Each structure stands twice: as structure tokens, then as C-alpha cells.
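Structure below is run_9.cif: mmCIF, all heavy atoms.
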data_query
loop_
_atom_site.label_atom_id
_atom_site.label_comp_id
_atom_site.auth_asym_id
_atom_site.auth_seq_id
_atom_site.Cartn_x
_atom_site.Cartn_y
_atom_site.Cartn_z
N MET A 2 104.29 139.06 101.70
CA MET A 2 103.77 137.71 101.67
C MET A 2 104.16 137.02 102.98
O MET A 2 105.31 137.01 103.35
CB MET A 2 104.35 136.98 100.46
CG MET A 2 103.87 135.56 100.37
SD MET A 2 104.55 134.71 98.95
CE MET A 2 103.17 134.84 97.86
N ALA A 3 103.19 136.46 103.64
CA ALA A 3 103.45 135.80 104.92
C ALA A 3 104.03 134.42 104.65
O ALA A 3 103.61 133.71 103.75
CB ALA A 3 102.16 135.68 105.72
N GLU A 4 105.00 134.07 105.47
CA GLU A 4 105.61 132.76 105.32
C GLU A 4 104.78 131.71 106.04
O GLU A 4 104.31 131.94 107.14
CB GLU A 4 107.03 132.76 105.88
CG GLU A 4 107.99 133.56 105.05
CD GLU A 4 109.41 133.43 105.57
OE1 GLU A 4 109.73 132.40 106.15
OE2 GLU A 4 110.17 134.39 105.37
N HIS A 5 104.63 130.60 105.41
CA HIS A 5 103.87 129.50 106.00
C HIS A 5 104.86 128.50 106.58
O HIS A 5 105.69 127.96 105.87
CB HIS A 5 103.01 128.82 104.92
CG HIS A 5 102.18 127.70 105.45
ND1 HIS A 5 101.14 127.88 106.32
CD2 HIS A 5 102.25 126.37 105.22
CE1 HIS A 5 100.62 126.72 106.61
NE2 HIS A 5 101.27 125.78 105.95
N GLN A 6 104.75 128.29 107.85
CA GLN A 6 105.68 127.39 108.50
C GLN A 6 104.91 126.22 109.09
O GLN A 6 103.96 126.42 109.84
CB GLN A 6 106.44 128.14 109.60
CG GLN A 6 107.65 127.42 110.09
CD GLN A 6 108.45 128.30 111.05
OE1 GLN A 6 107.88 129.11 111.76
NE2 GLN A 6 109.74 128.13 111.04
N GLU A 7 105.32 125.01 108.74
CA GLU A 7 104.67 123.82 109.26
C GLU A 7 105.51 123.23 110.36
O GLU A 7 106.73 123.29 110.32
CB GLU A 7 104.49 122.79 108.15
CG GLU A 7 103.54 123.23 107.07
CD GLU A 7 103.30 122.15 106.05
OE1 GLU A 7 103.53 120.97 106.35
OE2 GLU A 7 102.89 122.51 104.94
N SER A 8 104.83 122.63 111.31
CA SER A 8 105.57 121.94 112.37
C SER A 8 105.15 120.48 112.36
O SER A 8 104.02 120.15 112.06
CB SER A 8 105.28 122.56 113.74
OG SER A 8 103.91 122.41 114.05
N TYR A 9 106.10 119.64 112.64
CA TYR A 9 105.87 118.21 112.64
C TYR A 9 106.15 117.67 114.03
O TYR A 9 107.15 118.02 114.65
CB TYR A 9 106.79 117.51 111.64
CG TYR A 9 106.57 117.94 110.22
CD1 TYR A 9 107.38 118.89 109.62
CD2 TYR A 9 105.53 117.40 109.47
CE1 TYR A 9 107.17 119.30 108.32
CE2 TYR A 9 105.31 117.79 108.17
CZ TYR A 9 106.14 118.74 107.59
OH TYR A 9 105.93 119.14 106.31
N GLU A 10 105.25 116.83 114.47
CA GLU A 10 105.48 116.15 115.75
C GLU A 10 105.94 114.74 115.43
O GLU A 10 105.23 113.97 114.79
CB GLU A 10 104.20 116.10 116.58
CG GLU A 10 103.84 117.42 117.20
CD GLU A 10 102.67 117.28 118.16
OE1 GLU A 10 102.55 116.21 118.79
OE2 GLU A 10 101.90 118.23 118.25
N LEU A 11 107.12 114.41 115.85
CA LEU A 11 107.67 113.08 115.61
C LEU A 11 107.50 112.25 116.87
O LEU A 11 107.88 112.66 117.96
CB LEU A 11 109.14 113.18 115.23
CG LEU A 11 109.44 114.02 113.98
CD1 LEU A 11 110.94 114.11 113.77
CD2 LEU A 11 108.77 113.43 112.77
N SER A 12 106.92 111.09 116.69
CA SER A 12 106.74 110.21 117.84
C SER A 12 107.76 109.08 117.76
O SER A 12 108.24 108.72 116.69
CB SER A 12 105.32 109.64 117.86
OG SER A 12 105.10 108.89 116.70
N ALA A 13 108.05 108.54 118.89
CA ALA A 13 109.00 107.43 118.94
C ALA A 13 108.36 106.20 118.32
O ALA A 13 107.21 105.87 118.58
CB ALA A 13 109.40 107.15 120.38
N VAL A 14 109.10 105.53 117.49
CA VAL A 14 108.61 104.31 116.84
C VAL A 14 109.35 103.14 117.47
O VAL A 14 110.57 103.10 117.51
CB VAL A 14 108.88 104.36 115.32
CG1 VAL A 14 108.41 103.06 114.67
CG2 VAL A 14 108.19 105.55 114.71
N GLU A 15 108.57 102.22 117.96
CA GLU A 15 109.15 101.06 118.62
C GLU A 15 109.48 99.98 117.59
O GLU A 15 108.75 99.78 116.62
CB GLU A 15 108.16 100.49 119.64
CG GLU A 15 107.82 101.43 120.77
CD GLU A 15 108.99 101.65 121.72
OE1 GLU A 15 109.78 100.71 121.90
OE2 GLU A 15 109.09 102.75 122.26
N THR A 16 110.56 99.29 117.81
CA THR A 16 110.96 98.22 116.92
C THR A 16 109.91 97.13 116.87
O THR A 16 109.60 96.59 115.79
CB THR A 16 112.30 97.62 117.38
OG1 THR A 16 113.26 98.67 117.48
CG2 THR A 16 112.79 96.57 116.42
N LYS A 17 109.32 96.82 118.00
CA LYS A 17 108.30 95.76 118.04
C LYS A 17 107.08 96.14 117.22
O LYS A 17 106.45 95.27 116.61
CB LYS A 17 107.91 95.42 119.47
CG LYS A 17 107.29 96.57 120.22
CD LYS A 17 106.97 96.21 121.65
CE LYS A 17 106.39 97.43 122.34
NZ LYS A 17 106.13 97.20 123.73
N ASP A 18 106.74 97.43 117.15
CA ASP A 18 105.62 97.86 116.34
C ASP A 18 105.91 97.69 114.85
O ASP A 18 105.06 97.25 114.08
CB ASP A 18 105.29 99.33 116.62
CG ASP A 18 104.80 99.56 118.04
OD1 ASP A 18 104.29 98.60 118.65
OD2 ASP A 18 104.95 100.69 118.53
N ILE A 19 107.12 98.03 114.44
CA ILE A 19 107.52 97.86 113.04
C ILE A 19 107.50 96.39 112.66
O ILE A 19 106.97 96.00 111.61
CB ILE A 19 108.92 98.47 112.79
CG1 ILE A 19 108.88 99.98 113.00
CG2 ILE A 19 109.41 98.13 111.39
CD1 ILE A 19 110.24 100.62 112.98
N LEU A 20 108.07 95.55 113.52
CA LEU A 20 108.10 94.12 113.25
C LEU A 20 106.70 93.51 113.21
O LEU A 20 106.40 92.66 112.37
CB LEU A 20 108.97 93.39 114.27
CG LEU A 20 110.46 93.69 114.18
CD1 LEU A 20 111.20 93.02 115.33
CD2 LEU A 20 111.02 93.26 112.85
N ALA A 21 105.83 93.96 114.11
CA ALA A 21 104.46 93.44 114.13
C ALA A 21 103.72 93.83 112.86
O ALA A 21 102.98 93.02 112.28
CB ALA A 21 103.72 93.96 115.36
N GLU A 22 103.93 95.06 112.39
CA GLU A 22 103.29 95.51 111.16
C GLU A 22 103.78 94.71 109.96
O GLU A 22 102.99 94.28 109.11
CB GLU A 22 103.57 96.99 110.94
CG GLU A 22 102.94 97.56 109.70
CD GLU A 22 103.27 99.02 109.50
OE1 GLU A 22 103.77 99.67 110.44
OE2 GLU A 22 103.05 99.50 108.38
N ARG A 23 105.06 94.48 109.88
CA ARG A 23 105.61 93.71 108.76
C ARG A 23 105.19 92.25 108.82
O ARG A 23 104.97 91.61 107.80
CB ARG A 23 107.13 93.84 108.73
CG ARG A 23 107.53 95.26 108.35
CD ARG A 23 108.98 95.39 108.11
NE ARG A 23 109.27 96.78 107.78
CZ ARG A 23 110.45 97.21 107.44
NH1 ARG A 23 111.48 96.39 107.42
NH2 ARG A 23 110.63 98.47 107.15
N GLU A 24 105.07 91.72 110.03
CA GLU A 24 104.62 90.34 110.18
C GLU A 24 103.17 90.20 109.70
O GLU A 24 102.83 89.23 109.02
CB GLU A 24 104.74 89.90 111.64
CG GLU A 24 104.43 88.44 111.86
CD GLU A 24 104.66 88.00 113.30
OE1 GLU A 24 105.52 88.59 113.97
OE2 GLU A 24 103.96 87.08 113.73
N ARG A 25 102.32 91.17 110.05
CA ARG A 25 100.93 91.14 109.57
C ARG A 25 100.89 91.23 108.04
O ARG A 25 100.11 90.54 107.39
CB ARG A 25 100.12 92.29 110.18
CG ARG A 25 99.71 92.07 111.61
CD ARG A 25 98.70 93.11 112.06
NE ARG A 25 99.15 94.48 111.85
CZ ARG A 25 99.85 95.20 112.73
NH1 ARG A 25 100.18 94.67 113.88
NH2 ARG A 25 100.22 96.44 112.46
N GLY A 26 101.74 92.06 107.47
CA GLY A 26 101.80 92.17 106.02
C GLY A 26 102.25 90.89 105.36
O GLY A 26 101.69 90.47 104.34
N TRP A 27 103.25 90.25 105.95
CA TRP A 27 103.76 88.99 105.40
C TRP A 27 102.70 87.90 105.50
O TRP A 27 102.51 87.11 104.57
CB TRP A 27 105.03 88.57 106.13
CG TRP A 27 105.57 87.26 105.64
CD1 TRP A 27 105.52 86.07 106.28
CD2 TRP A 27 106.21 87.01 104.39
NE1 TRP A 27 106.10 85.10 105.52
CE2 TRP A 27 106.54 85.64 104.34
CE3 TRP A 27 106.55 87.83 103.31
CZ2 TRP A 27 107.18 85.06 103.26
CZ3 TRP A 27 107.19 87.23 102.23
CH2 TRP A 27 107.50 85.89 102.21
N GLU A 28 101.99 87.83 106.64
CA GLU A 28 100.94 86.83 106.81
C GLU A 28 99.82 87.05 105.80
O GLU A 28 99.28 86.10 105.23
CB GLU A 28 100.41 86.85 108.23
CG GLU A 28 101.38 86.29 109.24
CD GLU A 28 100.92 86.47 110.67
OE1 GLU A 28 99.86 87.09 110.91
OE2 GLU A 28 101.63 85.99 111.56
N GLY A 29 99.46 88.30 105.57
CA GLY A 29 98.44 88.60 104.58
C GLY A 29 98.88 88.20 103.18
O GLY A 29 98.09 87.64 102.40
N PHE A 30 100.13 88.47 102.85
CA PHE A 30 100.67 88.11 101.54
C PHE A 30 100.68 86.60 101.34
O PHE A 30 100.26 86.10 100.29
CB PHE A 30 102.08 88.67 101.37
CG PHE A 30 102.78 88.16 100.15
CD1 PHE A 30 102.42 88.59 98.89
CD2 PHE A 30 103.81 87.23 100.27
CE1 PHE A 30 103.06 88.10 97.76
CE2 PHE A 30 104.46 86.75 99.15
CZ PHE A 30 104.08 87.18 97.89
N THR A 31 101.15 85.86 102.35
CA THR A 31 101.21 84.40 102.20
C THR A 31 99.82 83.80 102.14
O THR A 31 99.60 82.82 101.42
CB THR A 31 102.02 83.76 103.33
OG1 THR A 31 101.49 84.15 104.59
CG2 THR A 31 103.48 84.15 103.25
N GLN A 32 98.86 84.37 102.86
CA GLN A 32 97.49 83.87 102.79
C GLN A 32 96.91 84.14 101.40
O GLN A 32 96.26 83.26 100.81
CB GLN A 32 96.63 84.53 103.86
CG GLN A 32 95.23 83.97 103.93
CD GLN A 32 94.42 84.57 105.05
OE1 GLN A 32 94.77 85.59 105.62
NE2 GLN A 32 93.31 83.95 105.37
N PHE A 33 97.15 85.32 100.86
CA PHE A 33 96.70 85.64 99.51
C PHE A 33 97.32 84.69 98.49
O PHE A 33 96.65 84.18 97.60
CB PHE A 33 97.05 87.09 99.16
CG PHE A 33 96.90 87.41 97.71
CD1 PHE A 33 95.65 87.60 97.16
CD2 PHE A 33 98.01 87.50 96.89
CE1 PHE A 33 95.49 87.88 95.81
CE2 PHE A 33 97.87 87.78 95.54
CZ PHE A 33 96.61 87.97 95.00
N LEU A 34 98.62 84.44 98.63
CA LEU A 34 99.32 83.56 97.70
C LEU A 34 98.77 82.14 97.78
O LEU A 34 98.56 81.49 96.75
CB LEU A 34 100.82 83.57 98.01
CG LEU A 34 101.72 82.90 97.01
CD1 LEU A 34 101.64 83.58 95.66
CD2 LEU A 34 103.15 82.90 97.51
N THR A 35 98.52 81.66 98.97
CA THR A 35 97.98 80.31 99.15
C THR A 35 96.62 80.18 98.47
O THR A 35 96.37 79.22 97.73
CB THR A 35 97.85 79.99 100.65
OG1 THR A 35 99.13 80.08 101.25
CG2 THR A 35 97.28 78.60 100.87
N TRP A 36 95.72 81.14 98.72
CA TRP A 36 94.39 81.07 98.12
C TRP A 36 94.45 81.22 96.61
O TRP A 36 93.70 80.56 95.88
CB TRP A 36 93.47 82.12 98.73
CG TRP A 36 92.98 81.71 100.07
CD1 TRP A 36 93.37 82.19 101.28
CD2 TRP A 36 92.01 80.70 100.35
NE1 TRP A 36 92.70 81.54 102.28
CE2 TRP A 36 91.86 80.62 101.75
CE3 TRP A 36 91.25 79.86 99.54
CZ2 TRP A 36 90.98 79.73 102.35
CZ3 TRP A 36 90.37 78.97 100.15
CH2 TRP A 36 90.24 78.91 101.54
N SER A 37 95.32 82.09 96.11
CA SER A 37 95.39 82.27 94.66
C SER A 37 95.94 81.02 93.98
O SER A 37 95.48 80.65 92.90
CB SER A 37 96.22 83.50 94.30
OG SER A 37 97.56 83.34 94.73
N LEU A 38 96.90 80.34 94.60
CA LEU A 38 97.40 79.08 94.04
C LEU A 38 96.33 78.00 94.06
O LEU A 38 96.20 77.22 93.11
CB LEU A 38 98.64 78.62 94.80
CG LEU A 38 99.91 79.42 94.55
CD1 LEU A 38 101.01 78.97 95.49
CD2 LEU A 38 100.36 79.29 93.12
N LEU A 39 95.56 77.95 95.13
CA LEU A 39 94.48 76.97 95.23
C LEU A 39 93.43 77.22 94.16
O LEU A 39 92.99 76.27 93.47
CB LEU A 39 93.84 77.02 96.62
CG LEU A 39 92.71 76.05 96.89
CD1 LEU A 39 93.25 74.62 96.89
CD2 LEU A 39 92.05 76.35 98.21
N VAL A 40 93.02 78.45 93.97
CA VAL A 40 92.02 78.78 92.95
C VAL A 40 92.56 78.47 91.55
O VAL A 40 91.85 77.91 90.71
CB VAL A 40 91.58 80.26 93.07
CG1 VAL A 40 90.78 80.70 91.85
CG2 VAL A 40 90.79 80.46 94.34
N THR A 41 93.83 78.79 91.31
CA THR A 41 94.44 78.50 90.01
C THR A 41 94.44 76.99 89.75
O THR A 41 94.12 76.55 88.64
CB THR A 41 95.87 79.05 89.95
OG1 THR A 41 95.83 80.46 90.18
CG2 THR A 41 96.51 78.78 88.61
N ALA A 42 94.81 76.22 90.76
CA ALA A 42 94.82 74.76 90.60
C ALA A 42 93.41 74.24 90.31
O ALA A 42 93.22 73.37 89.45
CB ALA A 42 95.40 74.10 91.84
N LEU A 43 92.41 74.76 91.01
CA LEU A 43 91.03 74.31 90.78
C LEU A 43 90.54 74.67 89.38
O LEU A 43 89.86 73.87 88.73
CB LEU A 43 90.09 74.91 91.84
CG LEU A 43 90.26 74.36 93.25
CD1 LEU A 43 89.38 75.14 94.23
CD2 LEU A 43 89.95 72.88 93.29
N VAL A 44 90.91 75.84 88.90
CA VAL A 44 90.52 76.24 87.54
C VAL A 44 91.18 75.33 86.52
O VAL A 44 90.55 74.89 85.56
CB VAL A 44 90.88 77.72 87.28
CG1 VAL A 44 90.78 78.07 85.81
CG2 VAL A 44 89.98 78.64 88.11
N LEU A 45 92.46 75.03 86.71
CA LEU A 45 93.15 74.15 85.78
C LEU A 45 92.56 72.74 85.79
O LEU A 45 92.41 72.10 84.74
CB LEU A 45 94.64 74.11 86.09
CG LEU A 45 95.41 75.40 85.77
CD1 LEU A 45 96.83 75.30 86.28
CD2 LEU A 45 95.37 75.69 84.28
N ILE A 46 92.21 72.24 86.96
CA ILE A 46 91.59 70.92 87.06
C ILE A 46 90.22 70.93 86.38
O ILE A 46 89.87 69.99 85.66
CB ILE A 46 91.50 70.46 88.52
CG1 ILE A 46 92.91 70.18 89.06
CG2 ILE A 46 90.59 69.25 88.68
CD1 ILE A 46 92.97 69.96 90.55
N ALA A 47 89.46 72.00 86.60
CA ALA A 47 88.15 72.10 85.95
C ALA A 47 88.29 72.15 84.44
O ALA A 47 87.50 71.53 83.71
CB ALA A 47 87.40 73.35 86.45
N LEU A 48 89.28 72.86 83.94
CA LEU A 48 89.53 72.89 82.49
C LEU A 48 89.89 71.52 81.98
O LEU A 48 89.45 71.11 80.90
CB LEU A 48 90.64 73.90 82.17
CG LEU A 48 90.26 75.37 82.22
CD1 LEU A 48 91.50 76.24 82.09
CD2 LEU A 48 89.24 75.71 81.14
N LEU A 49 90.69 70.80 82.72
CA LEU A 49 91.09 69.46 82.31
C LEU A 49 89.88 68.53 82.25
O LEU A 49 89.73 67.75 81.31
CB LEU A 49 92.13 68.90 83.29
CG LEU A 49 92.63 67.50 83.01
CD1 LEU A 49 93.42 67.46 81.71
CD2 LEU A 49 93.49 67.00 84.16
N VAL A 50 89.01 68.63 83.23
CA VAL A 50 87.86 67.73 83.29
C VAL A 50 86.80 68.09 82.25
O VAL A 50 86.28 67.22 81.55
CB VAL A 50 87.24 67.76 84.72
CG1 VAL A 50 85.89 67.05 84.75
CG2 VAL A 50 88.19 67.14 85.72
N PHE A 51 86.47 69.34 82.11
CA PHE A 51 85.34 69.74 81.28
C PHE A 51 85.70 70.07 79.83
O PHE A 51 84.85 70.03 78.95
CB PHE A 51 84.60 70.94 81.89
CG PHE A 51 83.96 70.60 83.21
CD1 PHE A 51 84.42 71.16 84.39
CD2 PHE A 51 82.91 69.70 83.28
CE1 PHE A 51 83.83 70.85 85.60
CE2 PHE A 51 82.32 69.38 84.49
CZ PHE A 51 82.77 69.96 85.65
N VAL A 52 86.94 70.40 79.55
CA VAL A 52 87.31 70.81 78.19
C VAL A 52 88.03 69.69 77.46
O VAL A 52 87.78 69.46 76.28
CB VAL A 52 88.17 72.11 78.22
CG1 VAL A 52 88.66 72.47 76.82
CG2 VAL A 52 87.39 73.25 78.83
N ALA A 53 88.91 69.01 78.16
CA ALA A 53 89.72 67.97 77.47
C ALA A 53 88.94 66.70 77.26
O ALA A 53 87.98 66.37 77.82
CB ALA A 53 90.97 67.67 78.30
#
Go ahead and render the structure in this file as C-alpha cells.
Amino acid sequence: MAEHQESYELSAVETKDILAERERGWEGFTQFLTWSLLVTALVLIALLVFVA
């Protein structure tokens, strides 16, 4: 049985690249949170106006 050997090429990861990626993720999360809170507030206000 022939052995299967894999090789991995590891590249240098820059700190600024990691920080930039996490910053983009955080900005996306906060934007999602802002919009979801706004939509929730609008739904609650609509329920108050049309149902109550």
C-alpha cells in the first residue's frame, strides 16, 4: 500500500491583516445589530398602533 503524504505551504500572516479582517467582521456585526434593532422597534410600534 502506497503511503499518501500531503504537504502544506504555510504563508506568513501579518498582524494588520488579522486585525483588518476582525474589524470588518465587527463592523458587519454592529451594522446587522443596528438594523435588526431598528426593524424590531418598527414592528413593535406598528403593533402598538394597529393592534392596540
Expected answer as an MDAnalysis selection string: alpha helix (DSSP H) residues in chain A: chainID A and resid 16:51
So that all listed atoms of range 12-21 of chain A fit with 3 Å spare on each side, what axis-aligned box centre and edge lengths in Å, to one decimal, would you give as lines of an AutoDock Vina configuration file?
center_x = 108.1
center_y = 101.9
center_z = 117.6
size_x = 16.3
size_y = 24.4
size_z = 18.3
Distance of CD2 of Leu34 in chain A from CA of Ala47 in chain A, expressed in Å to one decimal place: 21.8 Å
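Separating CD of Glu10 in chain A from CG of Glu22 in chain A is a distance of 21.5 Å.
Between CD of Gln32 in chain A and atom O of Ile46 in chain A the separation is 24.7 Å.
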